[in-house]
$ cat run_17.cif   # mmCIF, C-alpha atoms and all ligand atoms
data_structure
loop_
_atom_site.label_atom_id
_atom_site.label_comp_id
_atom_site.auth_asym_id
_atom_site.auth_seq_id
_atom_site.Cartn_x
_atom_site.Cartn_y
_atom_site.Cartn_z
CA MET A 1 0.00 0.00 0.00
CA PHE A 2 2.88 2.40 0.81
CA PRO A 3 4.95 4.08 -1.90
CA GLN A 4 8.24 2.20 -1.86
CA THR A 5 10.24 5.13 -3.13
CA ARG A 6 9.70 8.38 -1.29
CA LEU A 7 11.78 11.15 -2.77
CA ARG A 8 10.70 13.40 0.06
CA ARG A 9 12.99 11.45 2.46
CA LEU A 10 16.04 13.18 1.05
CA ARG A 11 14.38 16.58 1.43
CA MET A 12 13.61 16.44 5.14
CA HIS A 13 16.89 17.53 6.75
CA PRO A 14 18.65 20.70 5.57
CA ARG A 15 22.09 19.07 5.87
CA LEU A 16 20.93 16.14 3.79
CA ARG A 17 19.54 18.51 1.18
CA ASP A 18 23.00 20.13 1.07
CA LEU A 19 24.69 16.75 0.65
CA VAL A 20 22.54 15.63 -2.28
CA ARG A 21 22.57 19.01 -4.06
CA GLU A 22 23.60 18.49 -7.70
CA THR A 23 24.54 22.02 -8.71
CA ARG A 24 26.61 24.38 -6.65
CA LEU A 25 27.13 28.07 -7.06
CA ALA A 26 30.35 29.70 -5.86
CA PRO A 27 32.10 33.06 -6.30
CA SER A 28 34.65 31.22 -8.45
CA ASP A 29 31.92 30.71 -11.10
CA PHE A 30 31.55 34.40 -11.92
CA ILE A 31 33.02 36.85 -14.41
CA LEU A 32 32.02 40.49 -13.84
CA PRO A 33 31.60 42.78 -16.88
CA LEU A 34 32.93 46.34 -16.37
CA PHE A 35 32.42 49.44 -18.50
CA VAL A 36 35.39 51.81 -18.72
CA ARG A 37 35.44 55.35 -20.04
CA THR A 38 37.81 58.27 -20.30
CA GLY A 39 37.99 61.12 -17.83
CA SER A 40 38.82 61.04 -14.18
CA ASN A 41 36.84 60.56 -11.03
CA GLN A 42 33.87 59.32 -13.03
CA ARG A 43 31.39 56.79 -11.69
CA ILE A 44 28.35 57.31 -13.88
CA PRO A 45 25.33 55.17 -13.01
CA ILE A 46 23.78 53.26 -15.90
CA ARG A 47 20.10 54.10 -15.77
CA SER A 48 18.69 50.79 -16.96
CA MET A 49 21.17 48.70 -14.93
CA PRO A 50 20.86 49.74 -11.29
CA GLY A 51 24.12 49.06 -9.44
CA GLN A 52 26.26 49.22 -12.63
CA PHE A 53 28.45 52.15 -13.63
CA GLN A 54 30.61 53.57 -16.38
CA LEU A 55 33.95 53.93 -14.57
CA SER A 56 36.87 56.11 -15.50
CA VAL A 57 40.23 54.34 -15.55
CA ASP A 58 41.38 55.88 -12.23
CA GLN A 59 38.48 54.13 -10.48
CA LEU A 60 39.67 50.68 -11.51
CA PRO A 61 42.33 49.89 -8.88
CA ALA A 62 39.82 50.31 -6.02
CA GLU A 63 37.17 48.46 -7.98
CA ILE A 64 39.52 45.53 -8.61
CA GLN A 65 40.47 45.38 -4.96
CA GLU A 66 36.81 45.00 -4.02
CA ILE A 67 36.30 42.36 -6.71
CA GLU A 68 39.28 40.39 -5.45
CA SER A 69 38.13 40.59 -1.84
CA LEU A 70 34.76 39.13 -2.84
CA GLY A 71 36.49 36.15 -4.48
CA ILE A 72 35.49 36.97 -8.07
CA PRO A 73 38.23 35.48 -10.27
CA ALA A 74 37.77 37.45 -13.49
CA ILE A 75 36.42 40.58 -15.13
CA ILE A 76 35.60 41.35 -18.76
CA LEU A 77 36.21 44.89 -19.98
CA PHE A 78 34.06 46.94 -22.34
CA GLY A 79 35.36 50.32 -23.51
CA ILE A 80 33.48 53.53 -24.17
CA PRO A 81 35.81 55.67 -26.28
CA ASP A 82 35.77 59.45 -26.72
CA HIS A 83 36.04 59.19 -30.42
CA LYS A 84 34.30 56.82 -32.85
CA ASP A 85 34.92 56.40 -36.57
CA ALA A 86 33.85 54.17 -39.45
CA ARG A 87 36.67 51.66 -38.93
CA GLY A 88 36.60 51.48 -35.13
CA THR A 89 40.17 52.76 -34.81
CA GLY A 90 39.84 53.17 -31.05
CA ALA A 91 39.56 49.40 -30.68
CA TYR A 92 43.10 48.75 -31.88
CA SER A 93 45.02 51.88 -30.95
CA ASP A 94 47.59 51.13 -28.27
CA ASP A 95 46.40 54.03 -26.12
CA GLY A 96 42.73 53.07 -26.55
CA ILE A 97 40.47 53.09 -23.52
CA VAL A 98 40.55 49.31 -22.95
CA GLN A 99 44.33 49.23 -23.36
CA GLN A 100 44.68 52.03 -20.77
CA ALA A 101 42.39 50.17 -18.39
CA LEU A 102 44.35 46.93 -18.77
CA ARG A 103 47.70 48.62 -18.13
CA THR A 104 46.32 50.45 -15.10
CA ILE A 105 45.01 47.25 -13.53
CA LYS A 106 48.17 45.27 -14.32
CA GLU A 107 50.29 48.00 -12.68
CA THR A 108 48.50 47.35 -9.37
CA GLY A 109 49.89 43.80 -9.36
CA SER A 110 46.36 42.41 -9.26
CA GLN A 111 45.94 38.68 -9.85
CA THR A 112 42.41 39.10 -11.21
CA LEU A 113 42.07 37.49 -14.63
CA LEU A 114 41.53 40.22 -17.20
CA MET A 115 39.34 39.34 -20.15
CA ALA A 116 38.93 41.71 -23.06
CA ASP A 117 35.88 41.70 -25.29
CA VAL A 118 37.10 41.93 -28.87
CA CYS A 119 34.58 43.64 -31.15
CA LEU A 120 34.30 46.89 -33.07
CA CYS A 121 30.75 47.97 -32.16
CA GLU A 122 31.69 50.22 -29.25
CA PHE A 123 34.26 51.97 -31.45
CA THR A 124 32.46 52.45 -34.77
CA ASP A 125 30.36 55.56 -35.41
CA HIS A 126 27.72 53.39 -37.13
CA GLY A 127 27.61 50.98 -34.16
CA HIS A 128 28.06 47.77 -36.16
CA CYS A 129 30.49 45.03 -35.16
CA GLY A 130 32.60 45.33 -38.31
CA VAL A 131 33.38 47.65 -41.20
CA ILE A 132 30.57 48.51 -43.60
CA ASN A 133 30.62 47.73 -47.28
CA GLU A 134 28.05 49.39 -49.58
CA SER A 135 28.96 47.51 -52.76
CA ALA A 136 26.11 45.01 -52.48
CA GLY A 137 23.62 47.86 -53.01
CA ARG A 138 22.72 48.03 -49.35
CA PRO A 139 25.15 48.51 -46.48
CA ASP A 140 26.34 45.33 -44.79
CA VAL A 141 29.15 44.32 -42.49
CA ASP A 142 32.10 43.17 -44.58
CA ASN A 143 33.15 39.91 -42.93
CA ASP A 144 36.59 39.43 -44.44
CA ALA A 145 37.60 43.09 -44.24
CA THR A 146 36.70 43.05 -40.53
CA LEU A 147 38.87 40.05 -39.61
CA PRO A 148 42.28 41.81 -39.82
CA LEU A 149 40.95 44.67 -37.67
CA LEU A 150 39.81 42.20 -35.02
CA VAL A 151 43.30 40.65 -35.14
CA LYS A 152 44.85 44.08 -34.59
CA GLU A 153 42.51 44.67 -31.66
CA ALA A 154 43.27 41.28 -30.10
CA VAL A 155 47.04 41.76 -30.41
CA SER A 156 46.83 45.28 -29.02
CA VAL A 157 44.77 44.34 -25.94
CA ALA A 158 46.86 41.23 -25.28
CA ARG A 159 50.03 43.36 -25.34
CA ALA A 160 48.36 45.83 -22.97
CA GLY A 161 47.70 43.03 -20.47
CA ALA A 162 44.59 41.06 -21.44
CA ASP A 163 44.95 37.50 -20.11
CA LEU A 164 42.25 36.19 -22.44
CA ILE A 165 40.37 37.57 -25.42
CA ALA A 166 36.65 37.13 -25.98
CA PRO A 167 35.61 37.89 -29.56
CA SER A 168 31.91 38.77 -29.73
CA GLY A 169 31.41 39.94 -33.31
CA MET A 170 30.08 36.68 -34.85
CA MET A 171 32.17 37.05 -38.02
CA ASP A 172 32.78 33.82 -39.96
CA GLY A 173 36.36 32.56 -39.65
CA MET A 174 36.95 34.89 -36.72
CA ILE A 175 38.51 32.32 -34.38
CA GLN A 176 40.95 31.00 -36.95
CA ALA A 177 42.00 34.53 -37.92
CA LEU A 178 42.51 35.52 -34.29
CA ARG A 179 44.41 32.36 -33.37
CA SER A 180 46.87 32.76 -36.25
CA GLY A 181 47.15 36.51 -35.63
CA LEU A 182 47.93 36.04 -31.94
CA ASP A 183 50.38 33.23 -32.69
CA GLU A 184 52.23 35.27 -35.32
CA ALA A 185 52.57 38.07 -32.73
CA GLN A 186 54.17 35.57 -30.29
CA LEU A 187 50.99 35.62 -28.18
CA THR A 188 50.60 31.86 -28.34
CA HIS A 189 49.74 31.68 -24.63
CA VAL A 190 46.65 33.92 -24.85
CA PRO A 191 43.43 31.84 -24.81
CA ILE A 192 40.32 32.62 -26.85
CA MET A 193 36.86 32.40 -25.34
CA SER A 194 34.54 32.53 -28.33
CA TYR A 195 31.08 34.04 -28.16
CA ALA A 196 30.29 31.03 -30.34
CA ALA A 197 26.51 31.09 -30.18
CA LYS A 198 25.46 34.70 -29.83
CA TYR A 199 21.88 35.51 -30.70
CA ALA A 200 20.37 38.67 -32.22
CA SER A 201 18.60 39.40 -28.97
CA GLY A 202 16.41 42.14 -27.58
CA PHE A 203 18.00 41.44 -24.21
CA TYR A 204 21.10 43.53 -25.11
CA GLY A 205 19.13 46.79 -24.92
CA PRO A 206 20.49 48.11 -21.59
CA PHE A 207 24.07 47.15 -22.56
CA ARG A 208 23.83 49.23 -25.70
CA GLU A 209 22.82 52.17 -23.55
CA ALA A 210 25.67 51.40 -21.14
CA ALA A 211 28.29 50.98 -23.88
CA GLU A 212 26.76 53.53 -26.25
CA SER A 213 26.95 50.91 -28.99
CA ALA A 214 23.48 50.67 -30.58
CA PRO A 215 23.63 50.24 -34.38
CA GLN A 216 22.79 53.54 -36.11
CA PHE A 217 21.03 51.81 -39.00
CA GLY A 218 19.62 48.32 -39.50
CA ASP A 219 20.25 45.61 -36.95
CA ARG A 220 22.67 42.76 -36.24
CA ARG A 221 20.63 39.96 -37.80
CA SER A 222 23.09 39.41 -40.67
CA TYR A 223 25.74 38.26 -38.21
CA GLN A 224 24.15 37.33 -34.88
CA MET A 225 22.00 34.20 -34.75
CA ASP A 226 18.24 33.90 -35.17
CA PRO A 227 16.68 33.24 -31.72
CA ALA A 228 14.58 30.50 -33.32
CA ASN A 229 17.61 28.32 -34.12
CA GLY A 230 19.12 25.69 -31.85
CA ALA A 231 20.82 23.19 -34.17
CA GLU A 232 22.65 26.03 -35.91
CA ALA A 233 24.34 26.83 -32.60
CA LEU A 234 25.97 23.41 -32.78
CA ARG A 235 27.41 24.25 -36.22
CA GLU A 236 28.77 27.58 -34.93
CA VAL A 237 30.30 25.84 -31.93
CA ALA A 238 31.81 22.97 -33.95
CA LEU A 239 33.48 25.45 -36.30
CA ASP A 240 34.88 27.51 -33.44
CA VAL A 241 36.27 24.42 -31.71
CA ALA A 242 37.86 23.32 -35.00
CA GLU A 243 39.32 26.81 -35.50
CA GLY A 244 40.99 26.70 -32.09
CA ALA A 245 38.61 28.21 -29.53
CA ASP A 246 39.80 27.32 -26.02
CA MET A 247 36.47 28.12 -24.39
CA LEU A 248 32.94 28.63 -25.65
CA MET A 249 30.08 30.93 -24.76
CA VAL A 250 26.33 30.97 -25.24
CA LYS A 251 24.64 34.35 -25.05
CA PRO A 252 22.14 35.39 -23.73
CA ALA A 253 21.62 32.78 -21.02
CA LEU A 254 18.11 32.70 -19.69
CA SER A 255 16.09 32.28 -22.87
CA TYR A 256 18.78 29.92 -24.20
CA LEU A 257 19.17 27.35 -21.42
CA ASP A 258 18.37 24.61 -23.95
CA VAL A 259 21.22 25.83 -26.16
CA ILE A 260 23.61 25.79 -23.19
CA ARG A 261 22.61 22.18 -22.51
CA ARG A 262 23.00 21.12 -26.14
CA VAL A 263 26.41 22.77 -26.45
CA LYS A 264 27.61 21.17 -23.20
CA ASP A 265 26.40 17.75 -24.34
CA ALA A 266 28.04 18.16 -27.75
CA HIS A 267 31.39 19.35 -26.30
CA PRO A 268 31.64 18.22 -22.67
CA GLU A 269 35.43 18.58 -22.93
CA VAL A 270 35.38 22.32 -23.70
CA PRO A 271 34.83 24.84 -20.86
CA LEU A 272 31.53 26.63 -21.42
CA ALA A 273 30.50 30.11 -20.31
CA ALA A 274 27.05 31.69 -20.45
CA TYR A 275 26.43 35.44 -20.56
CA ASN A 276 23.60 36.51 -18.25
CA VAL A 277 23.06 39.70 -20.24
CA SER A 278 22.01 43.25 -19.44
CA GLY A 279 18.29 42.83 -20.22
CA GLU A 280 18.09 39.79 -17.96
CA TYR A 281 19.68 41.85 -15.19
CA ALA A 282 17.42 44.85 -15.82
CA MET A 283 14.21 42.77 -15.73
CA LEU A 284 15.12 41.28 -12.39
CA LYS A 285 16.13 44.64 -10.90
CA ALA A 286 12.87 46.22 -12.07
CA ALA A 287 10.72 43.49 -10.55
CA ALA A 288 12.74 43.60 -7.31
CA ALA A 289 12.45 47.40 -7.09
CA ASN A 290 8.69 47.03 -7.30
CA GLY A 291 8.73 44.45 -4.52
CA TRP A 292 7.29 41.83 -6.88
CA ILE A 293 9.97 39.19 -6.33
CA ASP A 294 12.43 38.22 -3.62
CA GLU A 295 15.60 39.57 -5.26
CA GLN A 296 18.20 37.42 -3.54
CA ARG A 297 16.22 34.23 -3.94
CA VAL A 298 15.37 34.78 -7.59
CA THR A 299 18.88 35.93 -8.55
CA LEU A 300 20.50 32.85 -7.01
CA GLU A 301 17.82 30.62 -8.56
CA ILE A 302 18.53 32.06 -12.00
CA LEU A 303 22.31 31.73 -11.63
CA THR A 304 21.88 28.15 -10.38
CA SER A 305 19.67 27.33 -13.38
CA ILE A 306 22.34 28.56 -15.79
CA ARG A 307 24.90 26.30 -14.09
CA ARG A 308 22.43 23.39 -14.04
CA ALA A 309 21.86 23.85 -17.79
CA GLY A 310 25.57 23.13 -18.29
CA ALA A 311 27.50 26.39 -18.02
CA ASP A 312 30.79 26.04 -16.14
CA MET A 313 30.96 29.81 -15.56
CA ILE A 314 28.68 32.83 -15.86
CA LEU A 315 29.34 36.35 -17.03
CA THR A 316 26.96 38.32 -14.86
CA TYR A 317 26.33 41.82 -13.55
CA HIS A 318 25.04 40.12 -10.39
CA ALA A 319 28.53 38.81 -9.55
CA LYS A 320 29.24 41.13 -6.61
CA GLU A 321 25.88 40.82 -4.89
CA ALA A 322 25.75 37.07 -5.54
CA CYS A 323 29.17 36.71 -3.85
CA ARG A 324 28.01 38.75 -0.86
CA TRP A 325 24.98 36.46 -0.48
CA LEU A 326 26.98 33.27 -1.03
CA ASN A 327 29.75 34.35 1.34
CA GLY A 328 26.96 35.03 3.85
C1 LIG B 1 29.22 43.29 -28.52
C2 LIG B 1 28.61 42.90 -27.22
C3 LIG B 1 27.28 43.09 -26.83
C4 LIG B 1 27.16 42.57 -25.53
C5 LIG B 1 28.41 42.08 -25.18
N1 LIG B 1 29.29 42.27 -26.25
C6 LIG B 1 26.17 43.82 -27.45
C7 LIG B 1 25.64 43.52 -28.76
O1 LIG B 1 25.92 42.51 -29.42
O2 LIG B 1 24.87 44.38 -29.17
C8 LIG B 1 25.90 42.55 -24.73
C9 LIG B 1 26.03 42.23 -23.30
C10 LIG B 1 24.81 42.51 -22.50
O3 LIG B 1 23.72 42.80 -23.01
O4 LIG B 1 24.94 42.42 -21.28
N2 LIG B 1 30.50 43.84 -28.33
#
$ encode --input "run_17.cif" --output "structure tokens"
Amino acid sequence: MFPQTRLRRLRMHPRLRDLVRETRLAPSDFILPLFVRTGSNQRIPIRSMPGQFQLSVDQLPAEIQEIESLGIPAIILFGIPDHKDARGTGAYSDDGIVQQALRTIKETGSQTLLMADVCLCEFTDHGHCGVINESAGRPDVDNDATLPLLVKEAVSVARAGADLIAPSGMMDGMIQALRSGLDEAQLTHVPIMSYAAKYASGFYGPFREAAESAPQFGDRRSYQMDPANGAEALREVALDVAEGADMLMVKPALSYLDVIRRVKDAHPEVPLAAYNVSGEYAMLKAAAANGWIDEQRVTLEILTSIRRAGADMILTYHAKEACRWLNG
């Protein structure tokens, strides 16, 4: 008459629940994105991302100290330059904003792992991720003309102190071009974390405000992936692995948990990151500010779900607060 198997038995004692927990969340899982700008003494709040700021370079040493004390192992830098042009020159000039930020942090002797996003969109006046070619009758991003510029950017940020580069432009052949470019510049030790499956997503809205990088015409659908496609992500990922990606990323995270799982199952041997993007952060902050959800509980539940889906690490704006909660 009695149920022989009672799954509730393992849920009765809190210590037992801890012991049988399948997915754990720790400060060592997080990578915190930071926005850097020129000027001094600047800490400009980003309206749609409460708790996030555009920081001038002089603010970084103190910021990094706090990040280290919380146990966050890595940051990823996004630059907001003074000057933008059609070819995104600021991305690959040795005194560019990201290069300055990297040198400033390295000079502190910090052990924090410094990742650099490699893309042109923050540095082009048109806001696209590559150079524009009009020859097809309508303007489009010129894939092959963009690759050498991305190589210049990667080499420049690596020389300035980036420990890892994270190309996010979704150009074809990008990983192979970057690997050979880094190797030819004697930067054979610099790993590449590819934004392998990056979707053309509405969830990047607040980031584009934060990084001042919204496209000035058209959209990114000719290079970023269609949100309706899952199998195609596996083709993107397989190519990037073959071209030499050391780590992979799926982005955004929350609406793409199935893609994270499929990528992890297809390449269990390759470390996988997921980017919990700006719109995901903004939605949660808005609901919390209205008192509609329990912020701590929901944030940790979301981060846990991204790990459970198969991500080994998470790029997230929640990194600091999540560490404070986890460190108790
Ligand atoms: C492109 C880039 C974007 C994000 C990270 N790298 C924006 C885009 O593709 O428009 C978005 C991150 C976020 O929304 O948090 N360099």
$ residues_near_ligand --input "run_17.cif" --ligand "ligand LIG 1 (chain B)" --cutoff "7 Å" --atoms "only C-alpha atoms and all ligand atoms" --output "JSON, numbers by chain"
{"A": [117, 118, 119, 120, 121, 122, 129, 168, 169, 203, 204, 205, 206, 207, 208, 213, 214, 276, 277, 278, 279]}
$ atom_distance --input "run_17.cif" --atom1 "CA of Gln52 (chain A)" --atom2 "CA of Pro73 (chain A)"
18.4 Å
$ closest_residue --input "run_17.cif" --among "A:Ser305, A:Thr5, A:Ser222, A:Ser48" --to "Asp142 (chain A)" --atoms "all atoms listed in the file"
A:Ser222
$ closest_residue --input "run_17.cif" --among "A:Ile46, A:Leu25, A:Asp82, A:Gln59" --to "Tyr317 (chain A)" --atoms "all atoms listed in the file"
A:Ile46
$ closest_residue --input "run_17.cif" --among "A:Val155, A:Ile302, A:Ala210, A:Ile72" --to "Arg37 (chain A)" --atoms "only C-alpha atoms"
A:Ala210
$ residues_around --input "run_17.cif" --residues "Trp325 (chain A)" --least-positions-apart "5" --cutoff "9 Å" --atoms "only C-alpha atoms" --output "ChimeraX atom specification"
/A:296,300,320
$ write_last_selection --input "run_17.cif" --atoms "C-alpha atoms" --output "PDB file, in the frame of the given file"
ATOM      1  CA  GLN A 296      18.200  37.420  -3.540  1.00  0.00           C
ATOM      2  CA  LEU A 300      20.500  32.850  -7.010  1.00  0.00           C
ATOM      3  CA  LYS A 320      29.240  41.130  -6.610  1.00  0.00           C
TER       4      LYS A 320
END
